[in-house]
Amino acid sequence: MSLSTSESAVLPLAPVLDLNAAEPLRQSLMLLRGRAVTLDASRVTRLGGLCLQVLLAARAAWAEEGRAFVLGQVSTEFADQLALFGNPELQFEPEGVIS
């Protein structure tokens with residue numbers, strides 16, 4: 001479920017982002033194409049590699065469109081697990097965007 005306006009959306013991420021969550025995550029992101037997206041990772045307790053790949057692919061797609069794709073709130077677990085993956089850059093903000 002996302003809270004959205006016509007130009008931006010907040011996507012709350014599932015607590016467990018494992019293999020089973022990858023396709024639902026991809027589908028949720030596809031529904032938000034064309035809008036700026038803020039990811040709410042405040043409830044994430046586990047981040048798996050496949051969901052990270054989905055998020056990185058989405059970040060690239062949003063960057064191609066010149067739309068913001070940013071992390072909002074993150075849980076300690078999400079931040080720690082992202083660090084274990086080498087802290088890949090998930091955020092993209094087009095020039096001129098004020099956050």
# chains A, B, ... in the order shown; residues from 1 in each chain; ligands from 1
>>> residues_around(residues="Gly49 in chain A", least_positions_apart="5", cutoff="12 Å", atoms="only C-alpha atoms", output="list of chain:residue names")
A:Val16, A:Leu17, A:Asp18, A:Leu19, A:Asn20, A:Ala21, A:Ala22, A:Val54, A:Leu55, A:Leu56, A:Gln81, A:Leu82, A:Leu84, A:Phe85, A:Gly86, A:Pro88
>>> write_last_selection(atoms="N, CA and C atoms", output="compact mmCIF listing (two decimals), in the first residue's frame")
# COMPACT_ATOMS: atom_id res chain seq x y z
N VAL A 16 10.02 -8.24 5.90
CA VAL A 16 10.97 -9.25 5.42
C VAL A 16 11.05 -9.14 3.90
N LEU A 17 12.21 -8.68 3.43
CA LEU A 17 12.45 -8.53 1.99
C LEU A 17 13.33 -9.69 1.52
N ASP A 18 12.69 -10.84 1.38
CA ASP A 18 13.40 -12.04 0.97
C ASP A 18 12.96 -12.45 -0.43
N LEU A 19 13.29 -13.66 -0.83
CA LEU A 19 12.94 -14.17 -2.15
C LEU A 19 11.45 -14.05 -2.43
N ASN A 20 10.62 -14.36 -1.45
CA ASN A 20 9.17 -14.32 -1.63
C ASN A 20 8.63 -12.90 -1.78
N ALA A 21 9.37 -11.92 -1.31
CA ALA A 21 8.92 -10.52 -1.37
C ALA A 21 9.37 -9.82 -2.65
N ALA A 22 10.26 -10.42 -3.41
CA ALA A 22 10.84 -9.74 -4.57
C ALA A 22 9.81 -9.40 -5.64
N VAL A 54 16.11 -5.63 -6.92
CA VAL A 54 14.88 -4.99 -7.40
C VAL A 54 14.94 -3.49 -7.10
N LEU A 55 15.38 -3.15 -5.88
CA LEU A 55 15.47 -1.73 -5.49
C LEU A 55 16.51 -0.99 -6.33
N LEU A 56 17.64 -1.62 -6.60
CA LEU A 56 18.67 -0.98 -7.42
C LEU A 56 18.21 -0.80 -8.86
N GLN A 81 22.06 -4.20 7.22
CA GLN A 81 22.13 -5.17 6.13
C GLN A 81 22.54 -4.51 4.82
N LEU A 82 22.13 -3.27 4.62
CA LEU A 82 22.59 -2.54 3.44
C LEU A 82 24.10 -2.35 3.51
N LEU A 84 26.19 -4.38 4.90
CA LEU A 84 26.80 -5.68 4.59
C LEU A 84 26.90 -5.91 3.09
N PHE A 85 25.99 -5.30 2.33
CA PHE A 85 26.03 -5.39 0.87
C PHE A 85 26.96 -4.34 0.27
N GLY A 86 27.64 -3.56 1.10
CA GLY A 86 28.58 -2.56 0.60
C GLY A 86 27.98 -1.18 0.44
N PRO A 88 25.27 0.03 -1.25
CA PRO A 88 24.97 0.51 -2.60
C PRO A 88 24.06 1.74 -2.52
>>> residues_around(residues="range 34-43 of chain A", least_positions_apart="4", cutoff="12 Å", atoms="only C-alpha atoms", output="PyMOL selection string")
chain A and resi 1-17+25+28-30+47+55+58-59+61-79+81-82+90-94+97+99
>>> select_by_dssp(residues="range 21-98 of chain A", states="strand (DSSP E or B)", output="list in words")
Ala36, Val37, Thr38, Leu39, Asp40, Ala41, Arg46, Leu47, Phe69, Val70, Leu71, Gly72, Gln73, Val74 and Phe92 of chain A
>>> select_by_dssp(residues="chain A", states="alpha helix (DSSP H)", output="PyMOL selection string")
chain A and resi 19-31+49-65+76-84
>>> write_last_selection(atoms="N, CA and C atoms", output="mmCIF file, in the first residue's frame")
data_model
loop_
_atom_site.group_PDB
_atom_site.id
_atom_site.type_symbol
_atom_site.label_atom_id
_atom_site.label_comp_id
_atom_site.auth_asym_id
_atom_site.auth_seq_id
_atom_site.Cartn_x
_atom_site.Cartn_y
_atom_site.Cartn_z
ATOM 1 N N LEU A 19 13.287 -13.663 -0.829
ATOM 2 C CA LEU A 19 12.943 -14.170 -2.154
ATOM 3 C C LEU A 19 11.446 -14.045 -2.434
ATOM 4 N N ASN A 20 10.619 -14.364 -1.449
ATOM 5 C CA ASN A 20 9.165 -14.317 -1.631
ATOM 6 C C ASN A 20 8.633 -12.897 -1.779
ATOM 7 N N ALA A 21 9.366 -11.919 -1.308
ATOM 8 C CA ALA A 21 8.921 -10.522 -1.369
ATOM 9 C C ALA A 21 9.371 -9.816 -2.646
ATOM 10 N N ALA A 22 10.258 -10.423 -3.407
ATOM 11 C CA ALA A 22 10.843 -9.743 -4.572
ATOM 12 C C ALA A 22 9.806 -9.396 -5.636
ATOM 13 N N GLU A 23 8.973 -10.334 -6.022
ATOM 14 C CA GLU A 23 7.992 -10.061 -7.071
ATOM 15 C C GLU A 23 6.924 -9.073 -6.605
ATOM 16 N N PRO A 24 6.355 -9.221 -5.400
ATOM 17 C CA PRO A 24 5.410 -8.194 -4.936
ATOM 18 C C PRO A 24 6.045 -6.801 -4.862
ATOM 19 N N LEU A 25 7.315 -6.733 -4.469
ATOM 20 C CA LEU A 25 8.014 -5.449 -4.426
ATOM 21 C C LEU A 25 8.137 -4.869 -5.828
ATOM 22 N N ARG A 26 8.523 -5.694 -6.781
ATOM 23 C CA ARG A 26 8.654 -5.241 -8.170
ATOM 24 C C ARG A 26 7.318 -4.725 -8.690
ATOM 25 N N GLN A 27 6.250 -5.456 -8.415
ATOM 26 C CA GLN A 27 4.925 -5.041 -8.871
ATOM 27 C C GLN A 27 4.508 -3.712 -8.243
ATOM 28 N N SER A 28 4.764 -3.550 -6.956
ATOM 29 C CA SER A 28 4.421 -2.290 -6.274
ATOM 30 C C SER A 28 5.175 -1.124 -6.888
ATOM 31 N N LEU A 29 6.441 -1.347 -7.181
ATOM 32 C CA LEU A 29 7.243 -0.283 -7.787
ATOM 33 C C LEU A 29 6.748 0.047 -9.191
ATOM 34 N N MET A 30 6.389 -0.952 -9.961
ATOM 35 C CA MET A 30 5.912 -0.707 -11.327
ATOM 36 C C MET A 30 4.651 0.154 -11.324
ATOM 37 N N LEU A 31 3.798 -0.024 -10.322
ATOM 38 C CA LEU A 31 2.580 0.779 -10.220
ATOM 39 C C LEU A 31 2.883 2.250 -9.937
ATOM 40 N N GLY A 49 19.266 -10.285 -0.955
ATOM 41 C CA GLY A 49 19.938 -9.825 -2.157
ATOM 42 C C GLY A 49 19.020 -9.598 -3.340
ATOM 43 N N LEU A 50 18.009 -10.447 -3.526
ATOM 44 C CA LEU A 50 17.121 -10.281 -4.674
ATOM 45 C C LEU A 50 16.285 -9.009 -4.550
ATOM 46 N N CYS A 51 15.782 -8.724 -3.348
ATOM 47 C CA CYS A 51 15.014 -7.482 -3.164
ATOM 48 C C CYS A 51 15.926 -6.266 -3.315
ATOM 49 N N LEU A 52 17.171 -6.387 -2.883
ATOM 50 C CA LEU A 52 18.108 -5.288 -3.098
ATOM 51 C C LEU A 52 18.298 -5.053 -4.591
ATOM 52 N N GLN A 53 18.393 -6.130 -5.381
ATOM 53 C CA GLN A 53 18.517 -5.980 -6.829
ATOM 54 C C GLN A 53 17.292 -5.293 -7.422
ATOM 55 N N VAL A 54 16.108 -5.631 -6.923
ATOM 56 C CA VAL A 54 14.882 -4.986 -7.395
ATOM 57 C C VAL A 54 14.945 -3.491 -7.096
ATOM 58 N N LEU A 55 15.378 -3.149 -5.876
ATOM 59 C CA LEU A 55 15.470 -1.732 -5.490
ATOM 60 C C LEU A 55 16.511 -0.988 -6.329
ATOM 61 N N LEU A 56 17.637 -1.623 -6.603
ATOM 62 C CA LEU A 56 18.670 -0.980 -7.416
ATOM 63 C C LEU A 56 18.210 -0.797 -8.862
ATOM 64 N N ALA A 57 17.486 -1.773 -9.394
ATOM 65 C CA ALA A 57 16.950 -1.638 -10.754
ATOM 66 C C ALA A 57 15.918 -0.517 -10.803
ATOM 67 N N ALA A 58 15.101 -0.420 -9.769
ATOM 68 C CA ALA A 58 14.104 0.653 -9.712
ATOM 69 C C ALA A 58 14.796 2.008 -9.621
ATOM 70 N N ARG A 59 15.833 2.089 -8.812
ATOM 71 C CA ARG A 59 16.570 3.353 -8.696
ATOM 72 C C ARG A 59 17.095 3.780 -10.061
ATOM 73 N N ALA A 60 17.637 2.828 -10.824
ATOM 74 C CA ALA A 60 18.150 3.138 -12.158
ATOM 75 C C ALA A 60 17.024 3.601 -13.087
ATOM 76 N N ALA A 61 15.880 2.944 -13.012
ATOM 77 C CA ALA A 61 14.744 3.328 -13.858
ATOM 78 C C ALA A 61 14.246 4.726 -13.508
ATOM 79 N N TRP A 62 14.175 5.024 -12.216
ATOM 80 C CA TRP A 62 13.720 6.353 -11.794
ATOM 81 C C TRP A 62 14.736 7.416 -12.227
ATOM 82 N N ALA A 63 16.016 7.099 -12.139
ATOM 83 C CA ALA A 63 17.041 8.049 -12.568
ATOM 84 C C ALA A 63 16.915 8.330 -14.062
ATOM 85 N N GLU A 64 16.644 7.297 -14.861
ATOM 86 C CA GLU A 64 16.464 7.491 -16.306
ATOM 87 C C GLU A 64 15.301 8.434 -16.587
ATOM 88 N N GLU A 65 14.268 8.363 -15.759
ATOM 89 C CA GLU A 65 13.091 9.215 -15.935
ATOM 90 C C GLU A 65 13.260 10.589 -15.297
ATOM 91 N N THR A 76 17.184 0.118 11.849
ATOM 92 C CA THR A 76 18.591 -0.210 12.112
ATOM 93 C C THR A 76 18.983 -1.463 11.343
ATOM 94 N N GLU A 77 18.077 -2.442 11.309
ATOM 95 C CA GLU A 77 18.359 -3.693 10.610
ATOM 96 C C GLU A 77 18.558 -3.453 9.111
ATOM 97 N N PHE A 78 17.709 -2.625 8.516
ATOM 98 C CA PHE A 78 17.855 -2.310 7.094
ATOM 99 C C PHE A 78 19.203 -1.646 6.836
ATOM 100 N N ALA A 79 19.543 -0.655 7.645
ATOM 101 C CA ALA A 79 20.815 0.057 7.470
ATOM 102 C C ALA A 79 21.997 -0.893 7.644
ATOM 103 N N ASP A 80 21.937 -1.765 8.648
ATOM 104 C CA ASP A 80 23.029 -2.711 8.890
ATOM 105 C C ASP A 80 23.185 -3.690 7.733
ATOM 106 N N GLN A 81 22.057 -4.195 7.222
ATOM 107 C CA GLN A 81 22.127 -5.171 6.134
ATOM 108 C C GLN A 81 22.536 -4.510 4.823
ATOM 109 N N LEU A 82 22.128 -3.274 4.616
ATOM 110 C CA LEU A 82 22.587 -2.538 3.442
ATOM 111 C C LEU A 82 24.103 -2.349 3.508
ATOM 112 N N ALA A 83 24.620 -2.087 4.692
ATOM 113 C CA ALA A 83 26.070 -1.943 4.876
ATOM 114 C C ALA A 83 26.793 -3.252 4.547
ATOM 115 N N LEU A 84 26.190 -4.385 4.904
ATOM 116 C CA LEU A 84 26.802 -5.677 4.595
ATOM 117 C C LEU A 84 26.897 -5.910 3.085
#
